[in-house]
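For reference, the structure discussed in these notes is given below.
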Amino acid sequence: MNKVLSTILKITLAPLVGFLFIKEVKGRDNFPDRNVILASNHQSYLDILLCGYVCVPRKYTHIGQVDRENKGWSGIRDLLYSLAEVIPVNRKDENSKKQAFLKAVKFLKNGYSLVIYPEGTRTRTGEVGKGKWGVAKFFLETGVPILPMGIKGAFELFPPGEKPKVKRNIRLNIGKPLFFKEEFELAEEMNRDSKEYEDICIKITEKVMEEIKKLTYED
């Protein structure tokens with residue numbers, strides 16, 4: 001989403017999202033004056049609005065799935081994705097996933113923030129699940145810091161398979177940016193298929209998920 005559209009949403013949609021759903025936002029000052037990889041837990045379909053709420057008026061993007069075909073929705077979805085510069089991905093297609101990764105890296109290198117849910121899918125229990133390595137790989141390819149965020153209350157408002165409820169019940173807790181400078185420097189010369197690179201990805205992912213859990217469950 002470019003700066004112009006993001007600013008428009010800051011003025012129009014963000015106040016509505018805040019009024020309808022958000023009870024508290026902690027850690028706004030932790031958002032640095034640069035682009036980030038915003039890594040959040042994934043509680044519901046509301047998360048796209050909640051992450052956008054903290055990103056606007058910055059330029060940012062996220063990866064959106066296109067592998068669920070719906071005749072009444074697909075065309076509208078594709079139009080919205082195009083306008084908002086969402087990166088489409090078919091999760092059943094390895095080439096699509098590879099292209100989505102490369103496009104996201106390009107956005108990050110062009111100063112965009114990237115919203116990512118390391119769990120890869122919505123929680124079915126309300127608890128924070130295990131993280132996948134994508135968040136670490138985006139960091140190691142770009143050096144863009146990871147900004148962890150915990151979402152609390154969205155699962156109760158919109159659990160899988162149920163209709164959404166409207167209530168100012170959601171708390172967003174933004175942590176401090178994670179830079180992993182040592183790991184970034186070590187990985188620069190590594191083969192991306194090596195065990196050493198894999199170990200660094202695991203280490204970074206575990207640290208990010210640890211921070212997300214802490215932010216989510218913090219009172």
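Please note that chains go A, B, ... in the order of the structure tokens, that every chain numbers its residues from 1, and that ligands are numbered from 1 in the order shown.
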Close residues, Phe107 (chain A) itself excluded, 12 Å, only C-alpha atoms, min 5 positions apart in chain, as an MDAnalysis selection string: chainID A and resid 1:2 35:37 59:63 85:87 100:102 112:115 138 141:142 144
Would you put the residues from that selection into a file with N, CA, C and O atoms, as an mmCIF file, in the first residue's frame?
```
data_model
loop_
_atom_site.group_PDB
_atom_site.id
_atom_site.type_symbol
_atom_site.label_atom_id
_atom_site.label_comp_id
_atom_site.auth_asym_id
_atom_site.auth_seq_id
_atom_site.Cartn_x
_atom_site.Cartn_y
_atom_site.Cartn_z
ATOM 1 N N MET A 1 0.843 -1.177 0.000
ATOM 2 C CA MET A 1 0.000 0.000 0.000
ATOM 3 C C MET A 1 0.888 1.240 0.000
ATOM 4 O O MET A 1 1.732 1.410 0.885
ATOM 5 N N ASN A 2 0.707 2.071 -1.015
ATOM 6 C CA ASN A 2 1.579 3.239 -1.114
ATOM 7 C C ASN A 2 1.226 4.266 -0.046
ATOM 8 O O ASN A 2 0.223 4.171 0.659
ATOM 9 N N ASN A 35 11.199 1.336 7.909
ATOM 10 C CA ASN A 35 10.325 0.194 7.654
ATOM 11 C C ASN A 35 10.716 -0.992 8.524
ATOM 12 O O ASN A 35 11.860 -1.093 9.011
ATOM 13 N N VAL A 36 9.758 -1.888 8.745
ATOM 14 C CA VAL A 36 9.973 -3.041 9.606
ATOM 15 C C VAL A 36 9.276 -4.270 9.019
ATOM 16 O O VAL A 36 8.456 -4.159 8.109
ATOM 17 N N ILE A 37 9.609 -5.418 9.571
ATOM 18 C CA ILE A 37 8.838 -6.637 9.355
ATOM 19 C C ILE A 37 7.965 -6.778 10.591
ATOM 20 O O ILE A 37 8.451 -7.120 11.673
ATOM 21 N N LYS A 59 3.904 3.280 4.305
ATOM 22 C CA LYS A 59 3.660 2.370 3.182
ATOM 23 C C LYS A 59 4.013 0.956 3.645
ATOM 24 O O LYS A 59 5.040 0.736 4.293
ATOM 25 N N TYR A 60 3.126 0.015 3.330
ATOM 26 C CA TYR A 60 3.323 -1.351 3.803
ATOM 27 C C TYR A 60 2.605 -2.328 2.887
ATOM 28 O O TYR A 60 1.781 -1.951 2.055
ATOM 29 N N THR A 61 2.945 -3.592 3.051
ATOM 30 C CA THR A 61 2.307 -4.646 2.273
ATOM 31 C C THR A 61 2.179 -5.894 3.130
ATOM 32 O O THR A 61 2.732 -5.964 4.239
ATOM 33 N N HIS A 62 1.433 -6.843 2.646
ATOM 34 C CA HIS A 62 1.377 -8.153 3.275
ATOM 35 C C HIS A 62 1.112 -9.185 2.190
ATOM 36 O O HIS A 62 0.815 -8.839 1.053
ATOM 37 N N ILE A 63 1.250 -10.450 2.543
ATOM 38 C CA ILE A 63 1.043 -11.546 1.599
ATOM 39 C C ILE A 63 -0.363 -12.104 1.810
ATOM 40 O O ILE A 63 -0.737 -12.442 2.927
ATOM 41 N N GLU A 85 -1.661 -3.176 -3.079
ATOM 42 C CA GLU A 85 -0.325 -3.743 -3.291
ATOM 43 C C GLU A 85 -0.080 -4.955 -2.397
ATOM 44 O O GLU A 85 1.012 -5.157 -1.868
ATOM 45 N N VAL A 86 -1.117 -5.776 -2.227
ATOM 46 C CA VAL A 86 -0.977 -7.038 -1.514
ATOM 47 C C VAL A 86 -0.284 -8.043 -2.427
ATOM 48 O O VAL A 86 -0.555 -8.094 -3.635
ATOM 49 N N ILE A 87 0.603 -8.837 -1.867
ATOM 50 C CA ILE A 87 1.329 -9.837 -2.640
ATOM 51 C C ILE A 87 0.528 -11.140 -2.646
ATOM 52 O O ILE A 87 0.348 -11.767 -1.594
ATOM 53 N N ALA A 100 6.225 -15.003 -4.394
ATOM 54 C CA ALA A 100 5.712 -14.132 -3.342
ATOM 55 C C ALA A 100 6.840 -13.705 -2.406
ATOM 56 O O ALA A 100 6.912 -12.541 -1.985
ATOM 57 N N PHE A 101 7.725 -14.644 -2.098
ATOM 58 C CA PHE A 101 8.869 -14.325 -1.243
ATOM 59 C C PHE A 101 9.756 -13.264 -1.899
ATOM 60 O O PHE A 101 10.141 -12.273 -1.266
ATOM 61 N N LEU A 102 10.056 -13.453 -3.177
ATOM 62 C CA LEU A 102 10.916 -12.508 -3.892
ATOM 63 C C LEU A 102 10.272 -11.126 -3.986
ATOM 64 O O LEU A 102 10.948 -10.089 -3.846
ATOM 65 N N TYR A 112 9.204 -0.425 2.076
ATOM 66 C CA TYR A 112 7.899 -0.804 2.589
ATOM 67 C C TYR A 112 8.064 -1.647 3.857
ATOM 68 O O TYR A 112 9.039 -2.383 3.996
ATOM 69 N N SER A 113 7.098 -1.545 4.760
ATOM 70 C CA SER A 113 7.015 -2.499 5.860
ATOM 71 C C SER A 113 6.249 -3.722 5.367
ATOM 72 O O SER A 113 5.444 -3.631 4.444
ATOM 73 N N LEU A 114 6.511 -4.854 5.995
ATOM 74 C CA LEU A 114 5.840 -6.106 5.635
ATOM 75 C C LEU A 114 5.142 -6.668 6.857
ATOM 76 O O LEU A 114 5.771 -6.857 7.903
ATOM 77 N N VAL A 115 3.847 -6.920 6.743
ATOM 78 C CA VAL A 115 3.086 -7.574 7.809
ATOM 79 C C VAL A 115 3.161 -9.081 7.584
ATOM 80 O O VAL A 115 2.884 -9.568 6.486
ATOM 81 N N PHE A 138 13.034 -13.511 5.639
ATOM 82 C CA PHE A 138 12.850 -12.132 5.173
ATOM 83 C C PHE A 138 13.880 -11.213 5.815
ATOM 84 O O PHE A 138 14.452 -10.338 5.156
ATOM 85 N N GLU A 141 17.462 -11.816 4.367
ATOM 86 C CA GLU A 141 17.611 -11.341 2.989
ATOM 87 C C GLU A 141 17.694 -9.826 2.900
ATOM 88 O O GLU A 141 18.210 -9.290 1.929
ATOM 89 N N THR A 142 17.178 -9.118 3.897
ATOM 90 C CA THR A 142 17.045 -7.659 3.773
ATOM 91 C C THR A 142 17.707 -6.862 4.895
ATOM 92 O O THR A 142 18.050 -5.704 4.707
ATOM 93 N N VAL A 144 16.097 -5.807 7.364
ATOM 94 C CA VAL A 144 15.034 -4.967 7.920
ATOM 95 C C VAL A 144 14.638 -5.530 9.288
ATOM 96 O O VAL A 144 14.358 -6.728 9.394
#
```
Long-range neighbours of Gly52 (chain A) as a ChimeraX atom specification, 9 Å cut-off, only C-alpha atoms, 2 positions minimum in chain: /A:6,9-10,14,47-50,54-57,60,115
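Here CA of Ile170 (chain A) and CA of His42 (chain A) stand 13.0 Å from one another.
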Expected answer as a count of residues only: strand (DSSP E or B) residues in region 130-188 of chain A: 13
If we count only C-alpha atoms, what is near region 194-204 of chain A at a cut-off of 7 Å, once residues fewer than 5 positions away on the same chain are taken out, given as a tab-separated table (two decimals) with C-alpha atoms, in the first residue's frame?
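Below is the file that was written, around.tsv:
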```tsv
chain	number	residue	atom	x	y	z
A	133	TRP	CA	10.94	-19.70	9.28
A	136	ALA	CA	13.71	-15.14	9.69
A	137	LYS	CA	14.35	-15.55	5.96
A	183	GLU	CA	23.09	-13.56	12.93
A	187	ALA	CA	24.37	-15.61	7.37
```
Spatial neighbours of Gln65 (chain A), 7 Å, only C-alpha atoms, chain gap at least 6 places, as a PDB file with N, CA and C atoms, in the first residue's frame:
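out13.pdb, freshly written:
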```
ATOM      1  N   PRO A  88       0.022 -11.569  -3.810  1.00  0.00           N
ATOM      2  CA  PRO A  88      -0.785 -12.800  -3.845  1.00  0.00           C
ATOM      3  C   PRO A  88       0.078 -14.053  -3.780  1.00  0.00           C
ATOM      4  N   VAL A  89      -0.438 -15.077  -3.123  1.00  0.00           N
ATOM      5  CA  VAL A  89       0.285 -16.349  -3.069  1.00  0.00           C
ATOM      6  C   VAL A  89      -0.711 -17.504  -3.073  1.00  0.00           C
ATOM      7  N   ASN A  90      -0.404 -18.489  -3.896  1.00  0.00           N
ATOM      8  CA  ASN A  90      -1.130 -19.757  -3.874  1.00  0.00           C
ATOM      9  C   ASN A  90      -0.304 -20.710  -3.017  1.00  0.00           C
ATOM     10  N   ARG A  91      -0.797 -21.015  -1.838  1.00  0.00           N
ATOM     11  CA  ARG A  91      -0.016 -21.803  -0.880  1.00  0.00           C
ATOM     12  C   ARG A  91       0.160 -23.256  -1.304  1.00  0.00           C
TER      13      ARG A  91
END
```
Backbone-only DSSP, helix (DSSP H, G or I) members of region 136-217 of chain A, as a VMD selection string: chain A and resid 136 to 142 154 to 157 181 to 187 195 to 217
Could you write out that same residue set with C-alpha atoms as a PDB file, in the first residue's frame?
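And here is the file that came out, out-v1.pdb:
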```
ATOM      1  CA  ALA A 136      13.708 -15.136   9.689  1.00  0.00           C
ATOM      2  CA  LYS A 137      14.353 -15.547   5.962  1.00  0.00           C
ATOM      3  CA  PHE A 138      12.850 -12.132   5.173  1.00  0.00           C
ATOM      4  CA  PHE A 139      15.108 -10.580   7.789  1.00  0.00           C
ATOM      5  CA  LEU A 140      18.253 -12.375   6.604  1.00  0.00           C
ATOM      6  CA  GLU A 141      17.611 -11.341   2.989  1.00  0.00           C
ATOM      7  CA  THR A 142      17.045  -7.659   3.773  1.00  0.00           C
ATOM      8  CA  ALA A 154      -9.491 -10.800  18.402  1.00  0.00           C
ATOM      9  CA  PHE A 155     -10.015 -14.567  18.671  1.00  0.00           C
ATOM     10  CA  GLU A 156     -12.961 -14.067  21.011  1.00  0.00           C
ATOM     11  CA  LEU A 157     -14.544 -11.597  18.592  1.00  0.00           C
ATOM     12  CA  LYS A 181      22.966  -8.086  13.810  1.00  0.00           C
ATOM     13  CA  GLU A 182      25.318 -10.976  14.624  1.00  0.00           C
ATOM     14  CA  GLU A 183      23.094 -13.557  12.929  1.00  0.00           C
ATOM     15  CA  PHE A 184      22.678 -11.326   9.876  1.00  0.00           C
ATOM     16  CA  GLU A 185      26.437 -10.944   9.446  1.00  0.00           C
ATOM     17  CA  LEU A 186      27.052 -14.668   9.908  1.00  0.00           C
ATOM     18  CA  ALA A 187      24.370 -15.611   7.372  1.00  0.00           C
ATOM     19  CA  LYS A 195      22.497 -26.672   8.076  1.00  0.00           C
ATOM     20  CA  GLU A 196      24.176 -23.577   9.549  1.00  0.00           C
ATOM     21  CA  TYR A 197      21.715 -21.273   7.785  1.00  0.00           C
ATOM     22  CA  GLU A 198      18.816 -23.437   8.933  1.00  0.00           C
ATOM     23  CA  ASP A 199      20.044 -23.215  12.532  1.00  0.00           C
ATOM     24  CA  ILE A 200      20.147 -19.413  12.346  1.00  0.00           C
ATOM     25  CA  CYS A 201      16.592 -19.332  10.945  1.00  0.00           C
ATOM     26  CA  ILE A 202      15.405 -21.541  13.800  1.00  0.00           C
ATOM     27  CA  LYS A 203      17.153 -19.366  16.393  1.00  0.00           C
ATOM     28  CA  ILE A 204      15.646 -16.133  15.046  1.00  0.00           C
ATOM     29  CA  THR A 205      12.169 -17.623  14.675  1.00  0.00           C
ATOM     30  CA  GLU A 206      12.172 -18.980  18.211  1.00  0.00           C
ATOM     31  CA  LYS A 207      13.229 -15.600  19.601  1.00  0.00           C
ATOM     32  CA  VAL A 208      10.540 -13.778  17.605  1.00  0.00           C
ATOM     33  CA  MET A 209       7.833 -16.205  18.765  1.00  0.00           C
ATOM     34  CA  GLU A 210       9.040 -15.886  22.345  1.00  0.00           C
ATOM     35  CA  GLU A 211       8.588 -12.110  22.119  1.00  0.00           C
ATOM     36  CA  ILE A 212       5.165 -12.416  20.449  1.00  0.00           C
ATOM     37  CA  LYS A 213       3.949 -14.771  23.173  1.00  0.00           C
ATOM     38  CA  LYS A 214       5.221 -12.451  25.887  1.00  0.00           C
ATOM     39  CA  LEU A 215       3.462  -9.469  24.297  1.00  0.00           C
ATOM     40  CA  THR A 216       0.227 -11.421  23.752  1.00  0.00           C
ATOM     41  CA  TYR A 217      -0.117 -12.761  27.279  1.00  0.00           C
TER      42      TYR A 217
END
```
Counting only C-alpha atoms, the residue of A:Lys176, A:Arg58, A:Ile116, A:Lys103 that sits nearest Lys3 (chain A):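 Among A:Lys176, A:Arg58, A:Ile116, A:Lys103, it is A:Arg58 that comes nearest to Lys3 (chain A).
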Length of the CA of Tyr117 (chain A) to CA of Gln43 (chain A) vector [Å]: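 Here the two named atoms are 9.7 Å from each other.
In this model, the gap between CA of Gly75 (chain A) and CA of Leu46 (chain A) comes to 20.8 Å.
With only C-alpha atoms as the atoms that count, the minimum distance from Leu5 (chain A) to the choices A:Arg68, A:Pro118, A:Ala84, A:Lys92 is reached by A:Ala84.
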Best match for closeness to Gly150 (chain A) among A:Lys98, A:Lys26, A:Arg168, A:Lys132, counting only C-alpha atoms: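 Between A:Lys98, A:Lys26, A:Arg168, A:Lys132, the residue approaching Gly150 (chain A) most closely is A:Lys26.
Using only C-alpha atoms, the smallest distance between any of A:Val4, A:Glu162, A:Leu147, A:Phe180 and Asp29 (chain A) comes from A:Leu147.
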Distance query Arg171 (chain A) at most 6 Å, only C-alpha atoms, self and fewer than 3 positions along chain excluded, as a VMD selection string: chain A and resid 23 to 25 152
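Among A:Glu127, A:Leu38, A:Leu83, A:Thr12, the residue with the shortest atom-to-atom distance to Gly153 (chain A), counting only C-alpha atoms, is A:Glu127.
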Nearest candidate to Phe179 (chain A) (options A:Gly64, A:Gly129, A:Gly134, A:Pro32; using only C-alpha atoms): A:Pro32
